[in-house]
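Heads up: the structure comes next, in structure tokens.
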Amino acid sequence: MTEKVQLSATVSDDLIGKRLDQAVAELFPDYSRSRLQGWIKDGQLTVDGEVKRPRDKLQGGELLAIAAELDVIDQYKAVEMPLNIIYEDDDIMIINKPAGLVVHPAAGHWDDTLLNGLLHYFPAIAQVPRAGIVHRLDMDTTGLMVVAKTIQAQTELVSQLQDRSMGREYEAVVGGVMTGGGTVDEPLGRHSRSRQKMAVVGVGKEAITHYRVLKRFRAHTHIRLKLETGRTHQIRVHMSYINYPLVGDQLYGGRFRLPKGVSPQLLEKLKGFNRQALHAKRLELFHPATGELMAWEVDLPDDMQSLLKSLKRDADHHEIEQ
């Protein structure tokens, strides 16, 4: 199923001498640069009826016309499911995602994902690419996500991700005792031997993670992290790279770490924590329609709060014994 897009605009004097792809980004701001470039290359965006290259310069006065089609998501089922929506208006939804929920359909998860739930909750979102999903969280990562309800909102929010004006902060529990905060600035790419994993690679994409210590325990640390970039598995890979892997991370966790004289209760808690202890706690963005700076913050989920209580109880008990 597709939706027809038919638009036109005349090149004004202030765009004289600009590249075609630069001009159309200004004239048709409701659509992303990559989408507009695709239409140019496919001949669906013409200049005075002729197909031009993205880099061709404009003289002024030309008529730019779009006659294109947008794919509407119809291959995925709309499925009723509980969605923890903490904010919603005509343009965006802010969702607090639980552990275990896959964001986008893939092998093994075709009709039990957040996308399926969005299609049921707000059917019109089928007309927005990826059902309005702007950024993703791993299946077992909890916390805040923004979903765009219109193409215009999605284009603006993607732009904020790209220019790094959208703020995303996380909390995590890692193995090992950190001496202080810092920054990991290491490029990420696909692992050379395991296609399921990402890794620090010299020819990878730029990835920057800032972290600071919230609380130290006997063999673990509670930290706060801020992303400058949003690469796949970025926090998990970066923390593992500096030898502070996330508790419960089945993919990047490495050797299981235990404090000396660990109690049976804490041992059971650590061994039973079978997801990465990672939570998207705070989200900050400029509203795509009003430009207002908005921010949301949600508490840690119950399993992470329980884990932190057990670690504190162990640390307090050890201090008393000493």
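Residue numbering restarts at 1 in every chain; chains get A, B, ... in the order shown in the structure tokens, and ligands count up from 1 in that same order.
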Do you know which residues are at most 10 Å from Thr179 in chain A counting only C-alpha atoms, after dropping those on the same chain fewer than 6 positions away, and could you put them as a PyMOL selection string?
chain A and resi 212-213+216+221
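Within range 101-264 of chain A, DSSP run on the backbone puts these residues in alpha helix (DSSP H): Leu114, Leu115, Asn116, Gly117, Leu118, Leu119, His120, Tyr121, Ile151, Gln152, Ala153, Gln154, Thr155, Glu156, Leu157, Val158, Ser159, Gln160, Leu161, Gln162, Gln234, Ile235, Arg236, Val237, His238, Met239, Ser240, Tyr241 and Pro264 of chain A.
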Selection to disk with N, CA and C atoms, as a tab-separated table (two decimals), in the first residue's frame:
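Saved the output as selection_4.tsv:
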chain	number	residue	atom	x	y	z
A	114	LEU	N	6.93	-3.43	19.52
A	114	LEU	CA	6.37	-2.10	19.76
A	114	LEU	C	5.69	-1.57	18.50
A	115	LEU	N	6.29	-1.80	17.34
A	115	LEU	CA	5.68	-1.34	16.08
A	115	LEU	C	4.28	-1.91	15.92
A	116	ASN	N	4.08	-3.20	16.21
A	116	ASN	CA	2.75	-3.80	16.11
A	116	ASN	C	1.77	-3.13	17.05
A	117	GLY	N	2.23	-2.84	18.26
A	117	GLY	CA	1.37	-2.17	19.23
A	117	GLY	C	1.01	-0.76	18.81
A	118	LEU	N	1.95	-0.04	18.21
A	118	LEU	CA	1.69	1.32	17.74
A	118	LEU	C	0.64	1.32	16.63
A	119	LEU	N	0.73	0.34	15.74
A	119	LEU	CA	-0.24	0.26	14.64
A	119	LEU	C	-1.66	0.05	15.17
A	120	HIS	N	-1.81	-0.69	16.27
A	120	HIS	CA	-3.13	-0.90	16.85
A	120	HIS	C	-3.60	0.35	17.60
A	121	TYR	N	-2.70	0.94	18.36
A	121	TYR	CA	-3.08	2.09	19.19
A	121	TYR	C	-3.41	3.32	18.35
A	151	ILE	N	4.97	12.45	9.60
A	151	ILE	CA	6.23	12.45	8.86
A	151	ILE	C	7.04	13.70	9.20
A	152	GLN	N	6.34	14.83	9.33
A	152	GLN	CA	7.04	16.08	9.65
A	152	GLN	C	7.76	15.98	10.99
A	153	ALA	N	7.07	15.42	11.99
A	153	ALA	CA	7.68	15.28	13.31
A	153	ALA	C	8.86	14.33	13.26
A	154	GLN	N	8.71	13.24	12.52
A	154	GLN	CA	9.81	12.27	12.43
A	154	GLN	C	11.04	12.88	11.77
A	155	THR	N	10.83	13.63	10.69
A	155	THR	CA	11.96	14.27	10.00
A	155	THR	C	12.71	15.20	10.94
A	156	GLU	N	11.97	15.99	11.72
A	156	GLU	CA	12.60	16.94	12.65
A	156	GLU	C	13.34	16.21	13.76
A	157	LEU	N	12.75	15.14	14.30
A	157	LEU	CA	13.38	14.42	15.40
A	157	LEU	C	14.63	13.67	14.93
A	158	VAL	N	14.58	13.10	13.73
A	158	VAL	CA	15.77	12.45	13.18
A	158	VAL	C	16.89	13.48	13.01
A	159	SER	N	16.52	14.69	12.59
A	159	SER	CA	17.50	15.76	12.46
A	159	SER	C	18.15	16.09	13.80
A	160	GLN	N	17.34	16.07	14.87
A	160	GLN	CA	17.89	16.34	16.20
A	160	GLN	C	18.86	15.24	16.64
A	161	LEU	N	18.54	14.00	16.28
A	161	LEU	CA	19.48	12.92	16.57
A	161	LEU	C	20.79	13.13	15.82
A	162	GLN	N	20.68	13.53	14.58
A	162	GLN	CA	21.87	13.70	13.75
A	162	GLN	C	22.73	14.87	14.20
A	234	GLN	N	25.78	0.57	21.68
A	234	GLN	CA	26.92	1.45	21.99
A	234	GLN	C	27.36	1.38	23.45
A	235	ILE	N	26.44	1.56	24.39
A	235	ILE	CA	26.81	1.55	25.81
A	235	ILE	C	27.36	0.19	26.20
A	236	ARG	N	26.72	-0.86	25.76
A	236	ARG	CA	27.13	-2.21	26.13
A	236	ARG	C	28.54	-2.52	25.64
A	237	VAL	N	28.83	-2.15	24.40
A	237	VAL	CA	30.16	-2.41	23.83
A	237	VAL	C	31.21	-1.53	24.49
A	238	HIS	N	30.92	-0.26	24.66
A	238	HIS	CA	31.90	0.65	25.25
A	238	HIS	C	32.25	0.28	26.68
A	239	MET	N	31.24	-0.09	27.47
A	239	MET	CA	31.53	-0.46	28.85
A	239	MET	C	32.32	-1.77	28.93
A	240	SER	N	32.00	-2.70	28.07
A	240	SER	CA	32.77	-3.94	28.02
A	240	SER	C	34.21	-3.68	27.57
A	241	TYR	N	34.37	-2.76	26.63
A	241	TYR	CA	35.69	-2.42	26.09
A	241	TYR	C	36.63	-1.89	27.18
A	264	PRO	N	24.55	-15.62	49.97
A	264	PRO	CA	23.70	-16.42	49.07
A	264	PRO	C	22.62	-15.58	48.41
Tell me which protein, DNA and RNA residues are within 6 Å of Pro54 in chain A, counting only C-alpha atoms, leaving out same-chain ones fewer than 2 positions away, and put them as a list in words.
Leu20, Asp21 and Asp56 of chain A
How would you write, as a PyMOL selection string, the set of residues in range 9-88 of chain A that DSSP gives as strand (DSSP E)?
chain A and resi 9-10+45-47+63-71+85-88
Could you turn the residues from that selection into a file that holds N, CA, C and O atoms, as a PDB file, in the first residue's frame?
ATOM      1  N   ALA A   9       7.277  23.567  -6.046  1.00  0.00           N
ATOM      2  CA  ALA A   9       7.767  24.832  -5.504  1.00  0.00           C
ATOM      3  C   ALA A   9       8.660  25.480  -6.541  1.00  0.00           C
ATOM      4  O   ALA A   9       9.308  24.806  -7.354  1.00  0.00           O
ATOM      5  N   THR A  10       8.698  26.818  -6.512  1.00  0.00           N
ATOM      6  CA  THR A  10       9.546  27.573  -7.430  1.00  0.00           C
ATOM      7  C   THR A  10      10.815  28.003  -6.712  1.00  0.00           C
ATOM      8  O   THR A  10      10.766  28.450  -5.556  1.00  0.00           O
ATOM      9  N   LEU A  45      11.606  13.530  -8.462  1.00  0.00           N
ATOM     10  CA  LEU A  45      11.684  14.961  -8.162  1.00  0.00           C
ATOM     11  C   LEU A  45      12.396  15.600  -9.356  1.00  0.00           C
ATOM     12  O   LEU A  45      13.568  15.337  -9.614  1.00  0.00           O
ATOM     13  N   THR A  46      11.663  16.423 -10.103  1.00  0.00           N
ATOM     14  CA  THR A  46      12.192  16.964 -11.348  1.00  0.00           C
ATOM     15  C   THR A  46      12.362  18.478 -11.292  1.00  0.00           C
ATOM     16  O   THR A  46      11.767  19.159 -10.437  1.00  0.00           O
ATOM     17  N   VAL A  47      13.178  18.997 -12.221  1.00  0.00           N
ATOM     18  CA  VAL A  47      13.435  20.428 -12.353  1.00  0.00           C
ATOM     19  C   VAL A  47      12.947  20.845 -13.739  1.00  0.00           C
ATOM     20  O   VAL A  47      13.518  20.423 -14.746  1.00  0.00           O
ATOM     21  N   LEU A  63      10.891  25.336 -11.726  1.00  0.00           N
ATOM     22  CA  LEU A  63       9.791  24.686 -11.015  1.00  0.00           C
ATOM     23  C   LEU A  63      10.247  23.298 -10.587  1.00  0.00           C
ATOM     24  O   LEU A  63      10.581  22.449 -11.423  1.00  0.00           O
ATOM     25  N   LEU A  64      10.270  23.074  -9.289  1.00  0.00           N
ATOM     26  CA  LEU A  64      10.612  21.762  -8.740  1.00  0.00           C
ATOM     27  C   LEU A  64       9.315  21.027  -8.447  1.00  0.00           C
ATOM     28  O   LEU A  64       8.432  21.557  -7.773  1.00  0.00           O
ATOM     29  N   ALA A  65       9.201  19.811  -8.947  1.00  0.00           N
ATOM     30  CA  ALA A  65       7.968  19.040  -8.759  1.00  0.00           C
ATOM     31  C   ALA A  65       8.281  17.646  -8.238  1.00  0.00           C
ATOM     32  O   ALA A  65       9.214  16.993  -8.708  1.00  0.00           O
ATOM     33  N   ILE A  66       7.500  17.245  -7.266  1.00  0.00           N
ATOM     34  CA  ILE A  66       7.610  15.891  -6.720  1.00  0.00           C
ATOM     35  C   ILE A  66       6.371  15.112  -7.109  1.00  0.00           C
ATOM     36  O   ILE A  66       5.239  15.556  -6.871  1.00  0.00           O
ATOM     37  N   ALA A  67       6.572  13.967  -7.723  1.00  0.00           N
ATOM     38  CA  ALA A  67       5.483  13.016  -7.997  1.00  0.00           C
ATOM     39  C   ALA A  67       6.010  11.659  -7.549  1.00  0.00           C
ATOM     40  O   ALA A  67       6.637  10.929  -8.327  1.00  0.00           O
ATOM     41  N   ALA A  68       5.784  11.348  -6.279  1.00  0.00           N
ATOM     42  CA  ALA A  68       6.406  10.164  -5.676  1.00  0.00           C
ATOM     43  C   ALA A  68       5.368   9.369  -4.905  1.00  0.00           C
ATOM     44  O   ALA A  68       4.208   9.781  -4.771  1.00  0.00           O
ATOM     45  N   GLU A  69       5.817   8.241  -4.414  1.00  0.00           N
ATOM     46  CA  GLU A  69       4.961   7.401  -3.585  1.00  0.00           C
ATOM     47  C   GLU A  69       5.696   7.024  -2.318  1.00  0.00           C
ATOM     48  O   GLU A  69       6.901   6.736  -2.340  1.00  0.00           O
ATOM     49  N   LEU A  70       4.983   7.057  -1.204  1.00  0.00           N
ATOM     50  CA  LEU A  70       5.518   6.634   0.084  1.00  0.00           C
ATOM     51  C   LEU A  70       4.917   5.288   0.450  1.00  0.00           C
ATOM     52  O   LEU A  70       3.695   5.108   0.369  1.00  0.00           O
ATOM     53  N   ASP A  71       5.750   4.366   0.823  1.00  0.00           N
ATOM     54  CA  ASP A  71       5.240   3.074   1.293  1.00  0.00           C
ATOM     55  C   ASP A  71       4.523   3.252   2.621  1.00  0.00           C
ATOM     56  O   ASP A  71       5.043   3.890   3.538  1.00  0.00           O
ATOM     57  N   ILE A  85       2.503   4.864  27.879  1.00  0.00           N
ATOM     58  CA  ILE A  85       2.697   6.180  27.272  1.00  0.00           C
ATOM     59  C   ILE A  85       2.671   7.232  28.369  1.00  0.00           C
ATOM     60  O   ILE A  85       1.658   7.414  29.050  1.00  0.00           O
ATOM     61  N   ILE A  86       3.782   7.931  28.560  1.00  0.00           N
ATOM     62  CA  ILE A  86       3.836   8.915  29.655  1.00  0.00           C
ATOM     63  C   ILE A  86       3.559  10.338  29.171  1.00  0.00           C
ATOM     64  O   ILE A  86       3.351  11.232  29.982  1.00  0.00           O
ATOM     65  N   TYR A  87       3.577  10.521  27.832  1.00  0.00           N
ATOM     66  CA  TYR A  87       3.214  11.831  27.270  1.00  0.00           C
ATOM     67  C   TYR A  87       2.754  11.613  25.840  1.00  0.00           C
ATOM     68  O   TYR A  87       3.306  10.792  25.113  1.00  0.00           O
ATOM     69  N   GLU A  88       1.737  12.391  25.423  1.00  0.00           N
ATOM     70  CA  GLU A  88       1.269  12.301  24.039  1.00  0.00           C
ATOM     71  C   GLU A  88       0.591  13.597  23.641  1.00  0.00           C
ATOM     72  O   GLU A  88      -0.122  14.224  24.429  1.00  0.00           O
TER      73      GLU A  88
END
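When only C-alpha atoms are used to compute distances to Phe286 in chain A, the closest of the residues A:Ile92, A:Val174, A:Ile223, A:Leu15 turns out to be A:Ile92.
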Which residue is closest to Gly176 in chain A? Choose from A:Gly254, A:Pro129, A:Pro245, A:Gly38 and count only C-alpha atoms.
A:Pro245
Exercise: Ser306 in chain A partners within 12 Å, only C-alpha atoms, chain neighbours under 3 positions left out, as a list in words:
Val173, Gln265, Leu266, Lys269, Leu270, Gly272, Phe273, Ala277, Leu300, Pro301, Asp302, Asp303, Lys309, Ser310, Leu311, Lys312 and Arg313 of chain A
Expected file: the selected residues, all heavy atoms, as a compact mmCIF listing (two decimals), in the first residue's frame:
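Saved to out_12.txt:
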# COMPACT_ATOMS: atom_id res chain seq x y z
N VAL A 173 24.18 -0.69 35.81
CA VAL A 173 25.00 -1.32 36.86
C VAL A 173 26.04 -2.15 36.15
O VAL A 173 25.70 -3.00 35.31
CB VAL A 173 24.15 -2.19 37.80
CG1 VAL A 173 25.03 -2.77 38.91
CG2 VAL A 173 23.00 -1.39 38.40
N GLN A 265 22.10 -14.59 49.14
CA GLN A 265 21.04 -13.74 48.59
C GLN A 265 21.54 -12.92 47.41
O GLN A 265 20.89 -12.83 46.36
CB GLN A 265 20.48 -12.81 49.67
CG GLN A 265 19.74 -13.51 50.79
CD GLN A 265 20.68 -14.10 51.84
OE1 GLN A 265 21.91 -13.91 51.79
NE2 GLN A 265 20.10 -14.81 52.81
N LEU A 266 22.73 -12.29 47.56
CA LEU A 266 23.27 -11.49 46.47
C LEU A 266 23.69 -12.37 45.30
O LEU A 266 23.49 -12.01 44.14
CB LEU A 266 24.46 -10.65 46.95
CG LEU A 266 25.12 -9.77 45.88
CD1 LEU A 266 24.12 -8.83 45.23
CD2 LEU A 266 26.29 -8.98 46.47
N LYS A 269 20.71 -13.12 43.38
CA LYS A 269 20.24 -11.94 42.65
C LYS A 269 21.06 -11.69 41.40
O LYS A 269 20.52 -11.42 40.32
CB LYS A 269 20.31 -10.71 43.57
CG LYS A 269 19.83 -9.42 42.93
CD LYS A 269 18.34 -9.40 42.68
CE LYS A 269 17.57 -9.39 43.98
NZ LYS A 269 16.12 -9.27 43.74
N LEU A 270 22.38 -11.79 41.51
CA LEU A 270 23.25 -11.54 40.37
C LEU A 270 23.10 -12.62 39.29
O LEU A 270 23.02 -12.31 38.10
CB LEU A 270 24.70 -11.46 40.83
CG LEU A 270 25.08 -10.20 41.62
CD1 LEU A 270 26.44 -10.36 42.26
CD2 LEU A 270 25.08 -8.97 40.71
N GLY A 272 20.55 -14.43 38.79
CA GLY A 272 19.19 -14.40 38.25
C GLY A 272 18.88 -13.17 37.43
O GLY A 272 17.80 -13.07 36.82
N PHE A 273 19.83 -12.22 37.38
CA PHE A 273 19.59 -11.01 36.60
C PHE A 273 19.99 -11.30 35.15
O PHE A 273 21.15 -11.18 34.76
CB PHE A 273 20.40 -9.83 37.16
CG PHE A 273 19.81 -8.49 36.81
CD1 PHE A 273 18.98 -7.84 37.71
CD2 PHE A 273 20.06 -7.90 35.58
CE1 PHE A 273 18.41 -6.61 37.40
CE2 PHE A 273 19.50 -6.67 35.25
CZ PHE A 273 18.68 -6.02 36.16
N ALA A 277 21.65 -4.68 32.68
CA ALA A 277 21.12 -3.73 33.66
C ALA A 277 21.29 -2.32 33.10
O ALA A 277 22.17 -1.56 33.50
CB ALA A 277 21.85 -3.88 34.99
N LEU A 300 13.92 3.95 37.75
CA LEU A 300 14.46 2.65 37.37
C LEU A 300 13.39 1.58 37.52
O LEU A 300 12.54 1.66 38.42
CB LEU A 300 15.65 2.29 38.25
CG LEU A 300 16.92 3.13 38.11
CD1 LEU A 300 17.94 2.72 39.17
CD2 LEU A 300 17.52 2.96 36.73
N PRO A 301 13.40 0.56 36.68
CA PRO A 301 12.43 -0.53 36.83
C PRO A 301 12.69 -1.31 38.12
O PRO A 301 13.78 -1.23 38.71
CB PRO A 301 12.67 -1.40 35.60
CG PRO A 301 14.08 -1.11 35.21
CD PRO A 301 14.31 0.34 35.54
N ASP A 302 11.71 -2.09 38.53
CA ASP A 302 11.79 -2.79 39.82
C ASP A 302 13.00 -3.71 39.91
O ASP A 302 13.63 -3.81 40.97
CB ASP A 302 10.51 -3.61 40.04
CG ASP A 302 9.30 -2.72 40.30
OD1 ASP A 302 9.50 -1.53 40.58
OD2 ASP A 302 8.17 -3.23 40.20
N ASP A 303 13.36 -4.40 38.82
CA ASP A 303 14.45 -5.36 38.92
C ASP A 303 15.79 -4.67 39.17
O ASP A 303 16.62 -5.16 39.94
CB ASP A 303 14.51 -6.27 37.70
CG ASP A 303 14.75 -5.53 36.39
OD1 ASP A 303 14.65 -4.29 36.36
OD2 ASP A 303 15.03 -6.22 35.38
N LYS A 309 19.52 -2.47 45.74
CA LYS A 309 19.29 -2.66 47.18
C LYS A 309 20.12 -3.84 47.69
O LYS A 309 20.69 -3.78 48.79
CB LYS A 309 17.80 -2.90 47.45
CG LYS A 309 16.95 -1.64 47.31
CD LYS A 309 15.47 -1.95 47.53
CE LYS A 309 14.62 -0.71 47.33
NZ LYS A 309 13.17 -1.00 47.49
N SER A 310 20.19 -4.91 46.90
CA SER A 310 20.97 -6.07 47.31
C SER A 310 22.46 -5.75 47.36
O SER A 310 23.17 -6.19 48.27
CB SER A 310 20.72 -7.24 46.34
OG SER A 310 19.39 -7.69 46.40
N LEU A 311 22.94 -4.98 46.40
CA LEU A 311 24.35 -4.59 46.40
C LEU A 311 24.67 -3.68 47.59
O LEU A 311 25.73 -3.81 48.22
CB LEU A 311 24.69 -3.87 45.09
CG LEU A 311 24.71 -4.75 43.84
CD1 LEU A 311 24.79 -3.90 42.58
CD2 LEU A 311 25.88 -5.74 43.89
N LYS A 312 23.75 -2.78 47.92
CA LYS A 312 23.96 -1.89 49.08
C LYS A 312 23.93 -2.68 50.38
O LYS A 312 24.74 -2.45 51.29
CB LYS A 312 22.89 -0.80 49.10
CG LYS A 312 23.08 0.22 50.23
CD LYS A 312 22.01 1.29 50.19
CE LYS A 312 22.28 2.36 51.24
NZ LYS A 312 22.38 1.84 52.62
N ARG A 313 23.00 -3.62 50.47
CA ARG A 313 22.90 -4.45 51.67
C ARG A 313 24.19 -5.25 51.88
O ARG A 313 24.70 -5.35 53.00
CB ARG A 313 21.69 -5.39 51.54
CG ARG A 313 21.30 -6.09 52.84
CD ARG A 313 20.08 -6.98 52.63
NE ARG A 313 18.94 -6.23 52.13
CZ ARG A 313 18.37 -6.40 50.96
NH1 ARG A 313 18.83 -7.34 50.14
NH2 ARG A 313 17.34 -5.68 50.58
Selected residue, from A:Gln37, A:Ala78, A:Ala219, A:Ala199, that lies nearest to Ala25 in chain A when counting only C-alpha atoms:
A:Gln37
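Counting from CA of Asp48 in chain A, the distance to CA of Ile16 in chain A is 15.0 Å.
Going from CA of Leu227 in chain A to CA of Gly167 in chain A covers 7.5 Å.
Using only C-alpha atoms, the protein and nucleic acid residues lying no more than 9 Å from Glu186 in chain A, apart from those fewer than 4 places from it along its own chain, are Val200, Val201, Gly202, Gly204, Lys205, Glu206, Ala207, Ile208, Thr209 and His238 of chain A.
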Could you turn the residues from that selection into a file that holds N, CA and C atoms, as an mmCIF file, in the first residue's frame?
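The resulting file, selection.cif, is reproduced below:
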data_model
loop_
_atom_site.group_PDB
_atom_site.id
_atom_site.type_symbol
_atom_site.label_atom_id
_atom_site.label_comp_id
_atom_site.auth_asym_id
_atom_site.auth_seq_id
_atom_site.Cartn_x
_atom_site.Cartn_y
_atom_site.Cartn_z
ATOM 1 N N VAL A 200 34.517 -2.489 18.942
ATOM 2 C CA VAL A 200 35.372 -1.345 18.644
ATOM 3 C C VAL A 200 36.277 -1.732 17.484
ATOM 4 N N VAL A 201 36.143 -1.004 16.374
ATOM 5 C CA VAL A 201 36.945 -1.290 15.182
ATOM 6 C C VAL A 201 37.481 0.023 14.618
ATOM 7 N N GLY A 202 38.679 -0.023 14.091
ATOM 8 C CA GLY A 202 39.332 1.189 13.622
ATOM 9 C C GLY A 202 38.608 1.905 12.512
ATOM 10 N N GLY A 204 35.311 1.836 12.076
ATOM 11 C CA GLY A 204 33.898 1.923 12.429
ATOM 12 C C GLY A 204 33.384 3.353 12.432
ATOM 13 N N LYS A 205 32.109 3.497 12.806
ATOM 14 C CA LYS A 205 31.482 4.815 12.886
ATOM 15 C C LYS A 205 31.784 5.454 14.243
ATOM 16 N N GLU A 206 31.885 6.775 14.236
ATOM 17 C CA GLU A 206 32.172 7.505 15.469
ATOM 18 C C GLU A 206 31.155 7.156 16.555
ATOM 19 N N ALA A 207 31.646 6.923 17.769
ATOM 20 C CA ALA A 207 30.764 6.605 18.900
ATOM 21 C C ALA A 207 31.366 7.201 20.167
ATOM 22 N N ILE A 208 30.576 8.010 20.865
ATOM 23 C CA ILE A 208 31.066 8.704 22.056
ATOM 24 C C ILE A 208 30.078 8.501 23.202
ATOM 25 N N THR A 209 30.578 7.986 24.316
ATOM 26 C CA THR A 209 29.766 7.733 25.515
ATOM 27 C C THR A 209 30.422 8.396 26.714
ATOM 28 N N HIS A 238 30.922 -0.257 24.664
ATOM 29 C CA HIS A 238 31.900 0.655 25.253
ATOM 30 C C HIS A 238 32.251 0.275 26.681
#
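Here CA of Leu144 in chain A and CA of Ile95 in chain A stand 5.6 Å from one another.
Shortest separation to Leu258 in chain A among A:Glu292, A:Asp314, A:Glu228, A:Asp138 occurs at residue A:Asp314, atoms counted being only C-alpha atoms.
Between Lys57 in chain A and the residues A:Gly17, A:Gly261, A:Pro288, A:Pro98, the shortest atom-to-atom distance, using only C-alpha atoms, involves A:Gly17.
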Please identify all polymer residues within 8 Å of Thr113 in chain A, counting only C-alpha atoms, omitting same-chain residues fewer than 6 positions from it, and present them as a list in words.
Leu101, Val102, Val103, His104 and Pro105 of chain A
Non-local contacts of Lys149 in chain A (8 Å; only C-alpha atoms; under 3 positions in same chain excluded) as a PyMOL selection string
chain A and resi 90-93+124-125+128+131-132+153-154
Could you take the residues named above and write them with all heavy atoms, as a tab-separated table (two decimals), in the first residue's frame?
chain	number	residue	atom	x	y	z
A	90	ASP	N	-0.42	15.77	19.49
A	90	ASP	CA	-0.73	15.51	18.09
A	90	ASP	C	0.50	15.08	17.28
A	90	ASP	O	0.35	14.55	16.17
A	90	ASP	CB	-1.34	16.74	17.43
A	90	ASP	CG	-2.73	17.05	17.96
A	90	ASP	OD1	-3.37	16.13	18.53
A	90	ASP	OD2	-3.18	18.20	17.81
A	91	ASP	N	1.69	15.32	17.83
A	91	ASP	CA	2.91	15.10	17.05
A	91	ASP	C	3.79	13.97	17.56
A	91	ASP	O	4.47	13.32	16.76
A	91	ASP	CB	3.74	16.40	17.03
A	91	ASP	CG	2.95	17.56	16.47
A	91	ASP	OD1	2.78	17.61	15.24
A	91	ASP	OD2	2.49	18.42	17.25
A	92	ILE	N	3.82	13.74	18.86
A	92	ILE	CA	4.76	12.77	19.42
A	92	ILE	C	4.11	11.95	20.53
A	92	ILE	O	3.10	12.34	21.11
A	92	ILE	CB	6.03	13.45	19.98
A	92	ILE	CG1	5.67	14.43	21.12
A	92	ILE	CG2	6.82	14.14	18.88
A	92	ILE	CD1	6.89	15.02	21.81
A	93	MET	N	4.72	10.81	20.80
A	93	MET	CA	4.42	10.00	21.98
A	93	MET	C	5.74	9.71	22.69
A	93	MET	O	6.75	9.43	22.02
A	93	MET	CB	3.77	8.67	21.60
A	93	MET	CG	2.32	8.74	21.21
A	93	MET	SD	1.66	7.06	20.90
A	93	MET	CE	2.15	6.85	19.19
A	124	ALA	N	-3.22	5.53	12.13
A	124	ALA	CA	-2.70	6.49	11.15
A	124	ALA	C	-1.18	6.52	11.10
A	124	ALA	O	-0.60	7.00	10.13
A	124	ALA	CB	-3.23	7.89	11.48
A	125	ILE	N	-0.55	5.97	12.12
A	125	ILE	CA	0.91	5.97	12.15
A	125	ILE	C	1.50	5.05	11.09
A	125	ILE	O	2.71	5.10	10.80
A	125	ILE	CB	1.42	5.59	13.56
A	125	ILE	CG1	2.75	6.29	13.85
A	125	ILE	CG2	1.55	4.07	13.73
A	125	ILE	CD1	3.16	6.25	15.32
A	128	VAL	N	3.52	6.77	8.48
A	128	VAL	CA	4.83	7.32	8.83
A	128	VAL	C	5.87	6.21	8.70
A	128	VAL	O	5.63	5.09	9.16
A	128	VAL	CB	4.81	7.88	10.27
A	128	VAL	CG1	6.15	8.55	10.60
A	128	VAL	CG2	3.66	8.86	10.46
A	131	ALA	N	6.62	3.30	11.27
A	131	ALA	CA	5.55	3.57	12.24
A	131	ALA	C	5.97	4.62	13.26
A	131	ALA	O	5.61	4.55	14.43
A	131	ALA	CB	5.12	2.28	12.94
A	132	GLY	N	6.74	5.61	12.80
A	132	GLY	CA	7.11	6.72	13.66
A	132	GLY	C	8.27	6.48	14.58
A	132	GLY	O	8.65	7.36	15.36
A	153	ALA	N	7.07	15.42	11.99
A	153	ALA	CA	7.68	15.28	13.31
A	153	ALA	C	8.86	14.33	13.26
A	153	ALA	O	9.91	14.57	13.88
A	153	ALA	CB	6.64	14.80	14.32
A	154	GLN	N	8.71	13.24	12.52
A	154	GLN	CA	9.81	12.27	12.43
A	154	GLN	C	11.04	12.88	11.77
A	154	GLN	O	12.17	12.69	12.22
A	154	GLN	CB	9.36	11.04	11.65
A	154	GLN	CG	10.40	9.92	11.66
A	154	GLN	CD	9.95	8.73	10.84
A	154	GLN	OE1	9.60	8.89	9.68
A	154	GLN	NE2	9.98	7.55	11.43
